[in-house]
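Coordinates as given in query-v8.txt (compact mmCIF, C-alpha atoms):
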# COMPACT_ATOMS: atom_id res chain seq x y z
CA MET N 245 -51.02 7.78 -2.25
CA VAL N 246 -47.41 8.92 -2.08
CA LYS N 247 -45.73 10.38 1.00
CA THR N 248 -42.11 11.45 0.90
CA GLU N 249 -39.84 12.91 3.53
CA THR N 250 -36.15 13.69 3.96
CA LEU N 251 -34.43 12.56 7.15
CA ALA N 252 -30.98 13.88 8.06
CA PHE N 253 -28.30 12.06 10.04
CA PRO N 254 -24.91 13.27 11.25
CA MET N 255 -22.55 10.65 9.77
CA ARG N 256 -18.87 10.13 10.50
CA GLY N 257 -18.00 8.45 7.18
CA ASN N 258 -15.27 5.79 6.77
CA GLY N 259 -17.80 2.99 6.54
CA GLU N 260 -19.97 4.03 9.48
CA ILE N 261 -23.06 1.83 9.66
CA ARG N 262 -26.13 3.37 11.28
CA ASP N 263 -29.34 1.57 12.19
CA ILE N 264 -32.17 3.77 10.85
CA THR N 265 -35.01 1.24 11.28
CA GLY N 266 -36.65 3.23 14.07
CA ASP N 267 -36.47 6.48 12.11
CA VAL N 268 -38.00 4.90 9.01
CA ASN N 269 -40.67 3.31 11.16
CA ASP N 270 -41.57 6.62 12.86
CA ASN N 271 -41.90 8.14 9.42
CA LEU N 272 -44.17 5.31 8.31
CA LYS N 273 -46.43 5.77 11.35
CA LYS N 274 -46.61 9.51 10.70
CA SER N 275 -47.66 8.93 7.08
CA GLY N 276 -50.78 7.07 8.17
CA LEU N 277 -50.37 4.61 5.26
CA LYS N 278 -51.08 0.99 6.16
CA ASN N 279 -50.17 -1.05 3.09
CA GLY N 280 -47.60 -0.42 0.39
CA LEU N 281 -43.94 -0.04 -0.29
CA VAL N 282 -41.36 1.94 1.72
CA THR N 283 -38.33 2.98 -0.32
CA VAL N 284 -35.22 4.28 1.44
CA PHE N 285 -32.87 6.10 -0.95
CA VAL N 286 -29.49 7.79 -0.44
CA PRO N 287 -28.90 10.77 -2.72
CA GLY N 288 -25.14 10.73 -3.13
CA ALA N 289 -22.69 8.36 -4.77
CA THR N 290 -20.74 7.42 -1.62
CA GLY N 291 -23.61 6.26 0.59
CA ALA N 292 -25.58 3.01 0.56
CA VAL N 293 -28.55 1.27 2.19
CA THR N 294 -29.04 -2.42 2.94
CA THR N 295 -30.26 -4.65 5.76
CA ILE N 296 -28.06 -6.42 8.32
CA GLU N 297 -28.28 -7.81 11.83
CA ASN N 298 -26.84 -4.72 13.46
CA GLU N 299 -24.61 -6.20 16.16
CA SER N 300 -21.08 -4.92 16.66
CA GLY N 301 -19.31 -8.17 15.68
CA LEU N 302 -21.01 -8.34 12.32
CA VAL N 303 -20.51 -4.63 11.71
CA LYS N 304 -16.78 -5.22 12.24
CA ASP N 305 -16.89 -8.20 9.84
CA PHE N 306 -18.63 -6.10 7.22
CA ARG N 307 -16.07 -3.33 7.46
CA GLU N 308 -13.16 -5.78 7.27
CA LEU N 309 -14.72 -7.44 4.21
CA MET N 310 -15.01 -4.09 2.42
CA GLU N 311 -11.41 -3.22 3.29
CA LYS N 312 -10.20 -6.58 1.95
CA TRP N 313 -12.10 -6.36 -1.33
CA ILE N 314 -11.87 -2.65 -2.01
CA PRO N 315 -8.92 -1.30 0.01
CA SER N 316 -9.08 2.34 1.03
CA GLU N 317 -5.37 2.99 0.34
CA LYS N 318 -5.12 1.93 -3.32
CA ASN N 319 -4.20 4.42 -6.06
CA TYR N 320 -7.58 4.52 -7.74
CA HIS N 321 -7.84 6.33 -11.08
CA HIS N 322 -10.57 8.43 -9.47
CA ASN N 323 -8.13 9.60 -6.79
CA LEU N 324 -5.38 10.39 -9.28
CA ARG N 325 -7.74 12.62 -11.26
CA TRP N 326 -9.74 14.31 -8.53
CA GLY N 327 -7.48 14.11 -5.50
CA ASP N 328 -10.31 13.53 -3.04
CA GLY N 329 -9.08 10.10 -1.92
CA ASN N 330 -12.51 8.47 -1.97
CA GLY N 331 -12.34 6.10 -4.95
CA HIS N 332 -12.96 3.15 -2.62
CA SER N 333 -16.01 4.94 -1.17
CA HIS N 334 -17.59 5.23 -4.61
CA LEU N 335 -16.91 1.62 -5.59
CA ARG N 336 -18.29 0.24 -2.33
CA ALA N 337 -21.42 2.40 -2.60
CA SER N 338 -22.14 1.38 -6.22
CA LEU N 339 -21.94 -2.28 -5.25
CA VAL N 340 -24.06 -2.22 -2.11
CA GLY N 341 -26.51 0.15 -3.81
CA PRO N 342 -28.36 3.37 -2.91
CA SER N 343 -31.88 2.00 -2.63
CA LEU N 344 -33.87 -0.43 -0.48
CA ALA N 345 -37.56 -1.36 -0.76
CA VAL N 346 -39.49 -2.92 2.13
CA PRO N 347 -43.16 -3.97 1.86
CA VAL N 348 -45.55 -2.67 4.55
CA VAL N 349 -48.50 -4.74 5.78
CA ASP N 350 -51.07 -3.42 8.30
CA GLY N 351 -48.82 -0.50 9.17
CA ARG N 352 -45.73 -2.61 9.84
CA MET N 353 -42.60 -3.13 7.77
CA THR N 354 -42.14 -6.84 6.99
CA LEU N 355 -38.57 -7.00 8.33
CA GLY N 356 -37.28 -10.09 10.11
CA THR N 357 -36.71 -9.94 13.86
CA TRP N 358 -32.92 -9.58 13.55
CA GLN N 359 -32.95 -7.56 10.34
CA GLN N 360 -32.29 -3.83 10.53
CA ILE N 361 -32.25 -1.14 7.86
CA VAL N 362 -28.81 0.47 7.83
CA LEU N 363 -27.41 3.59 6.24
CA ILE N 364 -23.73 3.20 5.36
CA ASP N 365 -21.49 6.21 4.82
CA PHE N 366 -18.46 5.06 2.83
CA ASP N 367 -17.04 8.56 2.30
CA VAL N 368 -13.85 9.79 3.97
CA ARG N 369 -15.12 12.72 6.03
CA PRO N 370 -18.04 13.49 8.36
CA ARG N 371 -21.14 15.18 7.02
CA SER N 372 -24.89 15.43 7.55
CA ARG N 373 -26.54 12.97 5.17
CA GLY N 374 -30.11 13.46 4.04
CA ILE N 375 -31.93 10.32 2.99
CA ILE N 376 -35.29 10.01 1.26
CA VAL N 377 -38.05 7.88 2.76
CA GLN N 378 -40.95 7.40 0.39
CA ILE N 379 -44.11 5.39 0.96
CA VAL N 380 -46.34 4.44 -1.96
CA GLY N 381 -49.52 2.80 -0.79
CA GLU N 382 -52.94 3.15 0.78
CA MET L 165 -51.10 5.76 -11.68
CA VAL L 166 -48.61 3.55 -13.48
CA LYS L 167 -46.68 4.57 -16.60
CA THR L 168 -44.25 2.16 -18.21
CA GLU L 169 -42.00 2.50 -21.22
CA THR L 170 -39.18 0.58 -22.89
CA LEU L 171 -36.04 2.48 -23.86
CA ALA L 172 -33.44 0.89 -26.14
CA PHE L 173 -29.71 1.54 -26.16
CA PRO L 174 -27.01 0.24 -28.48
CA MET L 175 -24.55 -1.36 -26.06
CA ARG L 176 -21.05 -2.66 -26.75
CA GLY L 177 -20.93 -5.18 -23.89
CA ASN L 178 -17.72 -6.13 -22.02
CA GLY L 179 -18.66 -4.04 -19.01
CA GLU L 180 -19.70 -0.90 -20.87
CA ILE L 181 -21.18 1.64 -18.45
CA ARG L 182 -23.71 4.08 -19.91
CA ASP L 183 -25.17 7.10 -18.15
CA ILE L 184 -28.94 6.91 -18.75
CA THR L 185 -29.98 9.59 -16.23
CA GLY L 186 -31.06 12.02 -18.95
CA ASP L 187 -33.11 9.37 -20.75
CA VAL L 188 -34.88 8.30 -17.56
CA ASN L 189 -35.51 11.94 -16.73
CA ASP L 190 -37.01 12.69 -20.17
CA ASN L 191 -39.30 9.72 -19.67
CA LEU L 192 -40.34 11.00 -16.26
CA LYS L 193 -41.17 14.44 -17.68
CA LYS L 194 -43.20 12.84 -20.48
CA SER L 195 -45.21 10.80 -17.96
CA GLY L 196 -46.51 13.93 -16.28
CA LEU L 197 -46.27 12.23 -12.86
CA LYS L 198 -44.93 14.47 -10.10
CA ASN L 199 -44.50 12.24 -7.04
CA GLY L 200 -43.75 8.55 -6.81
CA LEU L 201 -41.21 5.90 -7.56
CA VAL L 202 -39.19 5.42 -10.75
CA THR L 203 -37.99 1.85 -11.27
CA VAL L 204 -35.34 1.11 -13.88
CA PHE L 205 -35.16 -2.59 -14.74
CA VAL L 206 -32.95 -4.58 -17.13
CA PRO L 207 -34.65 -7.62 -18.65
CA GLY L 208 -31.76 -10.01 -19.22
CA ALA L 209 -29.38 -11.84 -16.91
CA THR L 210 -26.16 -10.17 -18.07
CA GLY L 211 -27.11 -6.51 -17.59
CA ALA L 212 -27.32 -4.43 -14.41
CA VAL L 213 -28.34 -1.00 -13.12
CA THR L 214 -26.84 1.02 -10.28
CA THR L 215 -25.75 4.58 -9.54
CA ILE L 216 -22.19 5.92 -9.78
CA GLU L 217 -20.40 9.22 -10.28
CA ASN L 218 -19.93 8.71 -14.00
CA GLU L 219 -16.40 10.06 -14.56
CA SER L 220 -13.89 8.12 -16.63
CA GLY L 221 -11.44 7.43 -13.78
CA LEU L 222 -14.07 5.81 -11.61
CA VAL L 223 -15.51 3.87 -14.54
CA LYS L 224 -12.02 2.42 -15.10
CA ASP L 225 -11.75 1.59 -11.38
CA PHE L 226 -15.12 -0.16 -11.49
CA ARG L 227 -14.14 -2.26 -14.49
CA GLU L 228 -10.80 -3.22 -12.94
CA LEU L 229 -12.55 -4.20 -9.71
CA MET L 230 -14.92 -6.49 -11.58
CA GLU L 231 -12.06 -8.06 -13.51
CA LYS L 232 -10.14 -8.70 -10.27
CA TRP L 233 -13.08 -10.27 -8.44
CA ILE L 234 -14.76 -12.10 -11.28
CA PRO L 235 -12.15 -12.58 -14.03
CA SER L 236 -13.45 -12.86 -17.57
CA GLU L 237 -11.01 -15.62 -18.55
CA LYS L 238 -11.78 -18.26 -15.91
CA ASN L 239 -13.20 -21.69 -16.85
CA TYR L 240 -16.64 -21.17 -15.39
CA HIS L 241 -18.95 -24.19 -15.22
CA HIS L 242 -21.45 -22.13 -17.22
CA ASN L 243 -18.92 -21.75 -20.04
CA LEU L 244 -18.01 -25.44 -20.05
CA ARG L 245 -21.67 -26.39 -20.45
CA TRP L 246 -22.96 -23.73 -22.81
CA GLY L 247 -19.85 -22.53 -24.62
CA ASP L 248 -20.92 -18.90 -24.74
CA GLY L 249 -18.00 -17.61 -22.67
CA ASN L 250 -20.08 -15.27 -20.54
CA GLY L 251 -20.08 -16.91 -17.11
CA HIS L 252 -18.40 -13.83 -15.64
CA SER L 253 -21.08 -11.59 -17.22
CA HIS L 254 -23.84 -13.50 -15.44
CA LEU L 255 -22.10 -13.49 -12.05
CA ARG L 256 -21.34 -9.76 -12.20
CA ALA L 257 -24.93 -8.96 -13.23
CA SER L 258 -26.49 -11.04 -10.44
CA LEU L 259 -24.36 -9.24 -7.86
CA VAL L 260 -24.87 -5.67 -9.02
CA GLY L 261 -28.56 -6.41 -9.66
CA PRO L 262 -31.09 -5.72 -12.44
CA SER L 263 -33.25 -3.15 -10.67
CA LEU L 264 -32.96 0.38 -9.26
CA ALA L 265 -35.64 2.47 -7.55
CA VAL L 266 -35.41 6.27 -7.25
CA PRO L 267 -38.05 8.41 -5.47
CA VAL L 268 -39.48 11.38 -7.37
CA VAL L 269 -40.49 14.60 -5.62
CA ASP L 270 -42.16 17.52 -7.42
CA GLY L 271 -41.26 16.05 -10.80
CA ARG L 272 -37.57 15.55 -10.00
CA MET L 273 -35.62 12.42 -9.20
CA THR L 274 -33.95 12.72 -5.80
CA LEU L 275 -30.47 11.86 -7.08
CA GLY L 276 -27.38 13.53 -5.62
CA THR L 277 -25.50 16.08 -7.71
CA TRP L 278 -22.71 13.65 -8.66
CA GLN L 279 -24.87 10.55 -8.78
CA GLN L 280 -25.87 9.14 -12.15
CA ILE L 281 -28.06 6.19 -13.11
CA VAL L 282 -25.97 3.77 -15.17
CA LEU L 283 -26.82 0.79 -17.30
CA ILE L 284 -24.00 -1.78 -17.34
CA ASP L 285 -23.71 -4.37 -20.08
CA PHE L 286 -21.54 -7.21 -18.78
CA ASP L 287 -22.12 -9.51 -21.77
CA VAL L 288 -19.42 -10.34 -24.30
CA ARG L 289 -20.91 -8.98 -27.52
CA PRO L 290 -22.67 -5.83 -28.70
CA ARG L 291 -26.46 -5.70 -28.80
CA SER L 292 -29.39 -3.33 -28.49
CA ARG L 293 -30.59 -3.49 -24.89
CA GLY L 294 -34.14 -2.59 -23.99
CA ILE L 295 -34.67 -1.41 -20.44
CA ILE L 296 -37.95 -0.82 -18.61
CA VAL L 297 -38.67 2.54 -16.97
CA GLN L 298 -41.74 2.43 -14.79
CA ILE L 299 -43.21 5.23 -12.72
CA VAL L 300 -45.77 4.49 -10.00
CA GLY L 301 -47.16 7.67 -8.52
CA GLU L 302 -49.47 10.63 -8.90
CA MET Z 89 -54.05 -0.87 -5.29
CA VAL Z 90 -51.75 -2.92 -3.07
CA LYS Z 91 -51.85 -6.72 -2.80
CA THR Z 92 -49.47 -8.54 -0.48
CA GLU Z 93 -48.98 -12.21 0.24
CA THR Z 94 -46.52 -14.42 2.08
CA LEU Z 95 -45.17 -17.50 0.30
CA ALA Z 96 -43.27 -20.17 2.23
CA PHE Z 97 -40.53 -22.42 0.88
CA PRO Z 98 -38.69 -25.29 2.58
CA MET Z 99 -35.04 -24.24 2.20
CA ARG Z 100 -31.91 -26.30 2.89
CA GLY Z 101 -29.60 -23.34 3.57
CA ASN Z 102 -25.86 -23.34 2.76
CA GLY Z 103 -26.33 -21.16 -0.28
CA GLU Z 104 -29.28 -23.02 -1.79
CA ILE Z 105 -30.62 -21.13 -4.79
CA ARG Z 106 -34.31 -21.67 -5.61
CA ASP Z 107 -36.10 -20.47 -8.72
CA ILE Z 108 -39.31 -18.82 -7.46
CA THR Z 109 -40.32 -17.14 -10.75
CA GLY Z 110 -43.32 -19.43 -11.24
CA ASP Z 111 -44.54 -18.86 -7.68
CA VAL Z 112 -44.27 -15.08 -7.97
CA ASN Z 113 -46.04 -15.26 -11.32
CA ASP Z 114 -48.92 -17.35 -9.94
CA ASN Z 115 -49.29 -14.78 -7.20
CA LEU Z 116 -49.35 -11.96 -9.73
CA LYS Z 117 -52.07 -13.69 -11.76
CA LYS Z 118 -54.13 -14.27 -8.60
CA SER Z 119 -53.90 -10.57 -7.70
CA GLY Z 120 -55.65 -9.54 -10.89
CA LEU Z 121 -53.37 -6.48 -11.21
CA LYS Z 122 -52.17 -5.78 -14.73
CA ASN Z 123 -49.65 -2.93 -14.46
CA GLY Z 124 -47.36 -1.97 -11.61
CA LEU Z 125 -44.43 -3.11 -9.54
CA VAL Z 126 -43.84 -6.54 -8.00
CA THR Z 127 -41.53 -6.47 -4.98
CA VAL Z 128 -40.08 -9.70 -3.63
CA PHE Z 129 -38.67 -9.29 -0.13
CA VAL Z 130 -36.96 -11.71 2.27
CA PRO Z 131 -37.62 -11.01 5.94
CA GLY Z 132 -34.46 -12.26 7.61
CA ALA Z 133 -30.83 -11.18 7.54
CA THR Z 134 -29.40 -14.39 6.01
CA GLY Z 135 -31.58 -14.64 2.89
CA ALA Z 136 -31.39 -12.74 -0.39
CA VAL Z 137 -33.19 -12.27 -3.71
CA THR Z 138 -31.74 -11.53 -7.13
CA THR Z 139 -32.11 -12.67 -10.74
CA ILE Z 140 -29.90 -15.22 -12.49
CA GLU Z 141 -30.06 -17.65 -15.40
CA ASN Z 142 -30.91 -20.62 -13.23
CA GLU Z 143 -28.87 -23.41 -14.84
CA SER Z 144 -26.81 -25.76 -12.71
CA GLY Z 145 -23.40 -24.67 -14.06
CA LEU Z 146 -23.98 -21.05 -13.20
CA VAL Z 147 -25.46 -21.91 -9.82
CA LYS Z 148 -22.23 -23.80 -9.06
CA ASP Z 149 -20.17 -20.79 -10.25
CA PHE Z 150 -22.19 -18.47 -8.00
CA ARG Z 151 -21.68 -20.68 -4.96
CA GLU Z 152 -17.94 -20.99 -5.63
CA LEU Z 153 -17.65 -17.22 -6.02
CA MET Z 154 -19.33 -16.64 -2.66
CA GLU Z 155 -17.08 -19.21 -0.98
CA LYS Z 156 -13.97 -17.54 -2.45
CA TRP Z 157 -14.96 -14.02 -1.41
CA ILE Z 158 -16.63 -14.71 1.89
CA PRO Z 159 -15.40 -18.12 3.09
CA SER Z 160 -17.73 -20.07 5.36
CA GLU Z 161 -14.93 -21.30 7.65
CA LYS Z 162 -13.39 -17.99 8.74
CA ASN Z 163 -13.43 -16.86 12.39
CA TYR Z 164 -15.86 -14.00 11.97
CA HIS Z 165 -16.37 -11.65 14.91
CA HIS Z 166 -20.06 -12.50 14.69
CA ASN Z 167 -19.28 -16.20 15.23
CA LEU Z 168 -16.94 -15.53 18.14
CA ARG Z 169 -19.66 -13.53 19.92
CA TRP Z 170 -22.78 -15.52 19.11
CA GLY Z 171 -21.49 -19.01 18.37
CA ASP Z 172 -23.98 -19.65 15.57
CA GLY Z 173 -21.36 -20.03 12.84
CA ASN Z 174 -23.23 -18.01 10.25
CA GLY Z 175 -21.17 -14.81 9.94
CA HIS Z 176 -20.56 -15.57 6.26
CA SER Z 177 -24.32 -16.03 5.71
CA HIS Z 178 -25.03 -12.54 7.03
CA LEU Z 179 -22.30 -10.86 4.97
CA ARG Z 180 -23.35 -12.58 1.75
CA ALA Z 181 -27.01 -11.68 2.33
CA SER Z 182 -26.28 -8.00 3.04
CA LEU Z 183 -24.32 -7.74 -0.20
CA VAL Z 184 -26.75 -9.49 -2.53
CA GLY Z 185 -29.67 -7.74 -0.82
CA PRO Z 186 -33.11 -8.72 0.51
CA SER Z 187 -35.28 -7.00 -2.08
CA LEU Z 188 -36.03 -7.18 -5.81
CA ALA Z 189 -38.44 -5.06 -7.85
CA VAL Z 190 -39.78 -6.15 -11.24
CA PRO Z 191 -42.12 -4.01 -13.37
CA VAL Z 192 -45.33 -5.65 -14.62
CA VAL Z 193 -46.87 -4.75 -17.99
CA ASP Z 194 -50.21 -6.19 -19.21
CA GLY Z 195 -50.16 -8.81 -16.49
CA ARG Z 196 -46.63 -10.06 -17.25
CA MET Z 197 -43.36 -9.50 -15.42
CA THR Z 198 -40.81 -7.87 -17.71
CA LEU Z 199 -38.11 -10.51 -17.09
CA GLY Z 200 -35.74 -11.57 -19.85
CA THR Z 201 -36.16 -15.03 -21.38
CA TRP Z 202 -33.22 -16.53 -19.46
CA GLN Z 203 -33.67 -14.45 -16.31
CA GLN Z 204 -35.21 -16.07 -13.25
CA ILE Z 205 -36.07 -14.69 -9.82
CA VAL Z 206 -34.15 -16.66 -7.22
CA LEU Z 207 -34.38 -16.91 -3.46
CA ILE Z 208 -31.00 -17.64 -1.87
CA ASP Z 209 -30.72 -19.12 1.61
CA PHE Z 210 -27.22 -18.39 2.89
CA ASP Z 211 -27.86 -19.66 6.43
CA VAL Z 212 -26.30 -22.84 7.82
CA ARG Z 213 -29.36 -24.95 8.57
CA PRO Z 214 -32.64 -25.90 6.86
CA ARG Z 215 -35.80 -23.96 7.60
CA SER Z 216 -39.07 -22.87 6.08
CA ARG Z 217 -38.57 -19.36 4.68
CA GLY Z 218 -41.49 -17.02 4.23
CA ILE Z 219 -41.03 -14.35 1.59
CA ILE Z 220 -43.22 -11.34 0.88
CA VAL Z 221 -44.61 -10.74 -2.60
CA GLN Z 222 -46.20 -7.32 -2.95
CA ILE Z 223 -47.79 -5.81 -6.02
CA VAL Z 224 -48.48 -2.07 -6.18
CA GLY Z 225 -50.41 -1.16 -9.30
CA GLU Z 226 -53.71 -1.12 -11.11
As structure tokens, how would this structure be written, given the file I've shared?
Amino acid sequence: MVKTETLAFPMRGNGEIRDITGDVNDNLKKSGLKNGLVTVFVPGATGAVTTIENESGLVKDFRELMEKWIPSEKNYHHNLRWGDGNGHSHLRASLVGPSLAVPVVDGRMTLGTWQQIVLIDFDVRPRSRGIIVQIVGE
Amino acid sequence: MVKTETLAFPMRGNGEIRDITGDVNDNLKKSGLKNGLVTVFVPGATGAVTTIENESGLVKDFRELMEKWIPSEKNYHHNLRWGDGNGHSHLRASLVGPSLAVPVVDGRMTLGTWQQIVLIDFDVRPRSRGIIVQIVGE
Amino acid sequence: MVKTETLAFPMRGNGEIRDITGDVNDNLKKSGLKNGLVTVFVPGATGAVTTIENESGLVKDFRELMEKWIPSEKNYHHNLRWGDGNGHSHLRASLVGPSLAVPVVDGRMTLGTWQQIVLIDFDVRPRSRGIIVQIVGE
């Protein structure tokens, strides 16, 4: 069986990291599926999904790392052509990736205790972001 | 139900980025499946799949970023042992990753408007690359 | 059908890379499923899964790359707050990612000849790591 839903979150952009584990979990419970694969997907080329221990020190480290590797203020070719100033957002999103798959066993996601699912908005302005949560299983 | 197919693309290597969204979509239509998960997988340790807004400025930014982080001309241990000069290709591919999963709803992939599926060939010579497109769904 | 199992490996940490292709393959054979998707998932925010050509030169290159980008000795905010000295482990794991999906066709994973599935333990001390291997298919 396949159950799919869209969840929307008000995001601030600029690398905001949001713990969506509880939302994905509520969606899993609602689906009634007990075993299978949960996929979390961000439609949009400036958002990403991964897992992290979502504590404020590490979130700060993650944001500093991104700024060091892929600075927001560089003259990206993308910015020169399109003028939207979010070349760094695109590059960061393509590297972290738009998709995460988590196995479900007996109705529970198999995440570690300190491992949260996070939605990252690398874009440069606030927006409501819809993400797809799909469960394939039984 | 599970439907799997191999698609082949003539790739030039050296970080060529190819938009394969249309090809994956044609394959999805052919499968007749309406809801489920499309997985795009690159067999081979020097290729990768991700999503990006596939415009030429950003593609140039992506290639420059890779060259800055993982230069092609360094004396990698892999190169010293095997002499094939593609240590950087392997490292880039392992980081971007060989696999991408996109949920399908009502026969359509849930990609964003400016978000394309791209196959990246990080290797150092041209070749035909087969990729796997698998749909698990109903 | 969905088949899920936990496999445990004694890991040394500090970026140890372990080829688990054979273990995942044994598990696939045991499941009896012939077509579908194998997902390998690491519960825990300091482990990761990807594919690589698992030869010792490249493994050394990969470890050096990680050390250059995300040095182990930096004063991460995470370390200052929690004192466990593994800020770099978390950042590396979030970037490489905890999940890998490989399509299965006729009972075989569609990996390339020189492409192995590797479990990476970025944490700073040895431990037994359980990973989830889930097959969704028929």
Item to complete: Excluding segment 320-331 of chain N and any residue of its chain fewer than 2 positions from it, enumerate the residues within 8 Å of it, using only C-alpha atoms, and give them as a list in words.
Response: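 Counting only C-alpha atoms, the residues come to Ser316, Lys318, Ser333, His334, Leu335, Asp367 and Val368 of chain N; Glu219, Ser220, Gly221, Leu222, Lys224 and Asp225 of chain L.
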List every residue of chain N that has an atom at most 10 Å from any atom of chain L, giving for each one its closest atom pair and the distance in Å to one decimal, counting all atoms listed in the file, sorted by chain and then by ascending residue number, as a tab-separated table.
residue	atom	partner	partner_atom	distance
N:Met245	CA	L:Gly301	CA	7.4
N:Val246	CA	L:Gly200	CA	6.0
N:Lys247	CA	L:Gly200	CA	8.3
N:Thr248	CA	L:Val269	CA	7.4
N:Glu249	CA	L:Val269	CA	9.3
N:Leu281	CA	L:Leu201	CA	9.8
N:Thr283	CA	L:Pro267	CA	7.5
N:Val284	CA	L:Pro267	CA	8.5
N:Phe285	CA	L:Val266	CA	6.8
N:Val286	CA	L:Leu275	CA	7.8
N:Pro287	CA	L:Gly276	CA	4.3
N:Gly288	CA	L:Gly276	CA	4.4
N:Ala289	CA	L:Gln279	CA	5.1
N:Thr290	CA	L:Ile216	CA	8.4
N:Trp313	CA	L:Trp233	CA	8.2
N:Ile314	CA	L:Leu229	CA	7.9
N:Asn319	CA	L:Asp225	CA	9.7
N:Tyr320	CA	L:Asp225	CA	6.3
N:His321	CA	L:Gly221	CA	4.6
N:His322	CA	L:Gly221	CA	4.5
N:Asn323	CA	L:Gly221	CA	8.0
N:Leu324	CA	L:Gly221	CA	8.1
N:Arg325	CA	L:Gly221	CA	6.9
N:Trp326	CA	L:Gly221	CA	8.8
N:Gly331	CA	L:Leu222	CA	6.9
N:His332	CA	L:Asp225	CA	9.0
N:His334	CA	L:Ile216	CA	7.0
N:Leu335	CA	L:Phe226	CA	6.4
N:Arg336	CA	L:Phe226	CA	9.7
N:Ala337	CA	L:Ile216	CA	8.0
N:Ser338	CA	L:Ile216	CA	5.8
N:Leu339	CA	L:Val260	CA	5.9
N:Val340	CA	L:Val260	CA	7.8
N:Gly341	CA	L:Thr214	CA	6.5
N:Pro342	CA	L:Thr215	CA	7.2
N:Ser343	CA	L:Ala265	CA	6.2
N:Leu344	CA	L:Ala265	CA	7.8
N:Ala345	CA	L:Ala265	CA	8.0
N:Ile375	CA	L:Thr274	CA	9.3
N:Ile376	CA	L:Pro267	CA	7.4
N:Val377	CA	L:Pro267	CA	8.2
N:Gln378	CA	L:Pro267	CA	6.6
N:Ile379	CA	L:Gly200	CA	8.4
N:Val380	CA	L:Gly200	CA	6.9
N:Gly381	CA	L:Gly301	CA	9.4
Discussion item. Report, in Å with one decimal, the straight-line distance from atom CA of Gly196 of chain L to atom CA of Gly271 of chain L.
Written reply: 7.9 Å
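Here atom CA of Ile261 of chain N stands at a distance of 28.2 Å from atom CA of Ile181 of chain L.
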Practice prompt. In Å, rounded to a single decimal, give me how far atom CA of Leu121 of chain Z is from atom CA of Thr94 of chain Z.
Written response: 16.9 Å
Centre and edge lengths, as lines of an AutoDock Vina configuration file, for the axis-aligned box enclosing every listed atom of segment 192-205 of chain Z with 3 Å of padding on each of the six sides, in Å to one decimal?
center_x = -41.7
center_y = -10.6
center_z = -15.6
size_x = 23.0
size_y = 17.8
size_z = 17.6
Can you put N, CA and C atoms back into segment 253-264 of chain N and show it as a PDB file, in the coordinates of the input?
ATOM      1  N   PHE N 253     -29.086  12.698   8.994  1.00  0.00           N
ATOM      2  CA  PHE N 253     -28.300  12.060  10.040  1.00  0.00           C
ATOM      3  C   PHE N 253     -26.871  12.594  10.020  1.00  0.00           C
ATOM      4  N   PRO N 254     -26.325  12.887  11.183  1.00  0.00           N
ATOM      5  CA  PRO N 254     -24.910  13.270  11.250  1.00  0.00           C
ATOM      6  C   PRO N 254     -24.092  11.991  11.093  1.00  0.00           C
ATOM      7  N   MET N 255     -23.309  11.889  10.014  1.00  0.00           N
ATOM      8  CA  MET N 255     -22.550  10.650   9.770  1.00  0.00           C
ATOM      9  C   MET N 255     -21.051  10.946   9.862  1.00  0.00           C
ATOM     10  N   ARG N 256     -20.306   9.957  10.338  1.00  0.00           N
ATOM     11  CA  ARG N 256     -18.870  10.130  10.500  1.00  0.00           C
ATOM     12  C   ARG N 256     -18.076   9.688   9.268  1.00  0.00           C
ATOM     13  N   GLY N 257     -18.711   8.963   8.346  1.00  0.00           N
ATOM     14  CA  GLY N 257     -18.000   8.450   7.180  1.00  0.00           C
ATOM     15  C   GLY N 257     -17.120   7.268   7.514  1.00  0.00           C
ATOM     16  N   ASN N 258     -16.177   6.926   6.588  1.00  0.00           N
ATOM     17  CA  ASN N 258     -15.270   5.790   6.770  1.00  0.00           C
ATOM     18  C   ASN N 258     -15.982   4.478   7.085  1.00  0.00           C
ATOM     19  N   GLY N 259     -17.098   4.268   6.396  1.00  0.00           N
ATOM     20  CA  GLY N 259     -17.800   2.990   6.540  1.00  0.00           C
ATOM     21  C   GLY N 259     -18.717   2.929   7.734  1.00  0.00           C
ATOM     22  N   GLU N 260     -19.043   4.072   8.341  1.00  0.00           N
ATOM     23  CA  GLU N 260     -19.970   4.030   9.480  1.00  0.00           C
ATOM     24  C   GLU N 260     -21.307   3.416   9.062  1.00  0.00           C
ATOM     25  N   ILE N 261     -21.794   2.514   9.899  1.00  0.00           N
ATOM     26  CA  ILE N 261     -23.060   1.830   9.660  1.00  0.00           C
ATOM     27  C   ILE N 261     -24.045   2.282  10.742  1.00  0.00           C
ATOM     28  N   ARG N 262     -25.182   2.844  10.315  1.00  0.00           N
ATOM     29  CA  ARG N 262     -26.130   3.370  11.280  1.00  0.00           C
ATOM     30  C   ARG N 262     -27.499   2.710  11.117  1.00  0.00           C
ATOM     31  N   ASP N 263     -28.015   2.179  12.188  1.00  0.00           N
ATOM     32  CA  ASP N 263     -29.340   1.570  12.190  1.00  0.00           C
ATOM     33  C   ASP N 263     -30.396   2.678  12.113  1.00  0.00           C
ATOM     34  N   ILE N 264     -31.143   2.731  11.003  1.00  0.00           N
ATOM     35  CA  ILE N 264     -32.170   3.770  10.850  1.00  0.00           C
ATOM     36  C   ILE N 264     -33.583   3.174  10.846  1.00  0.00           C
TER      37      ILE N 264
END
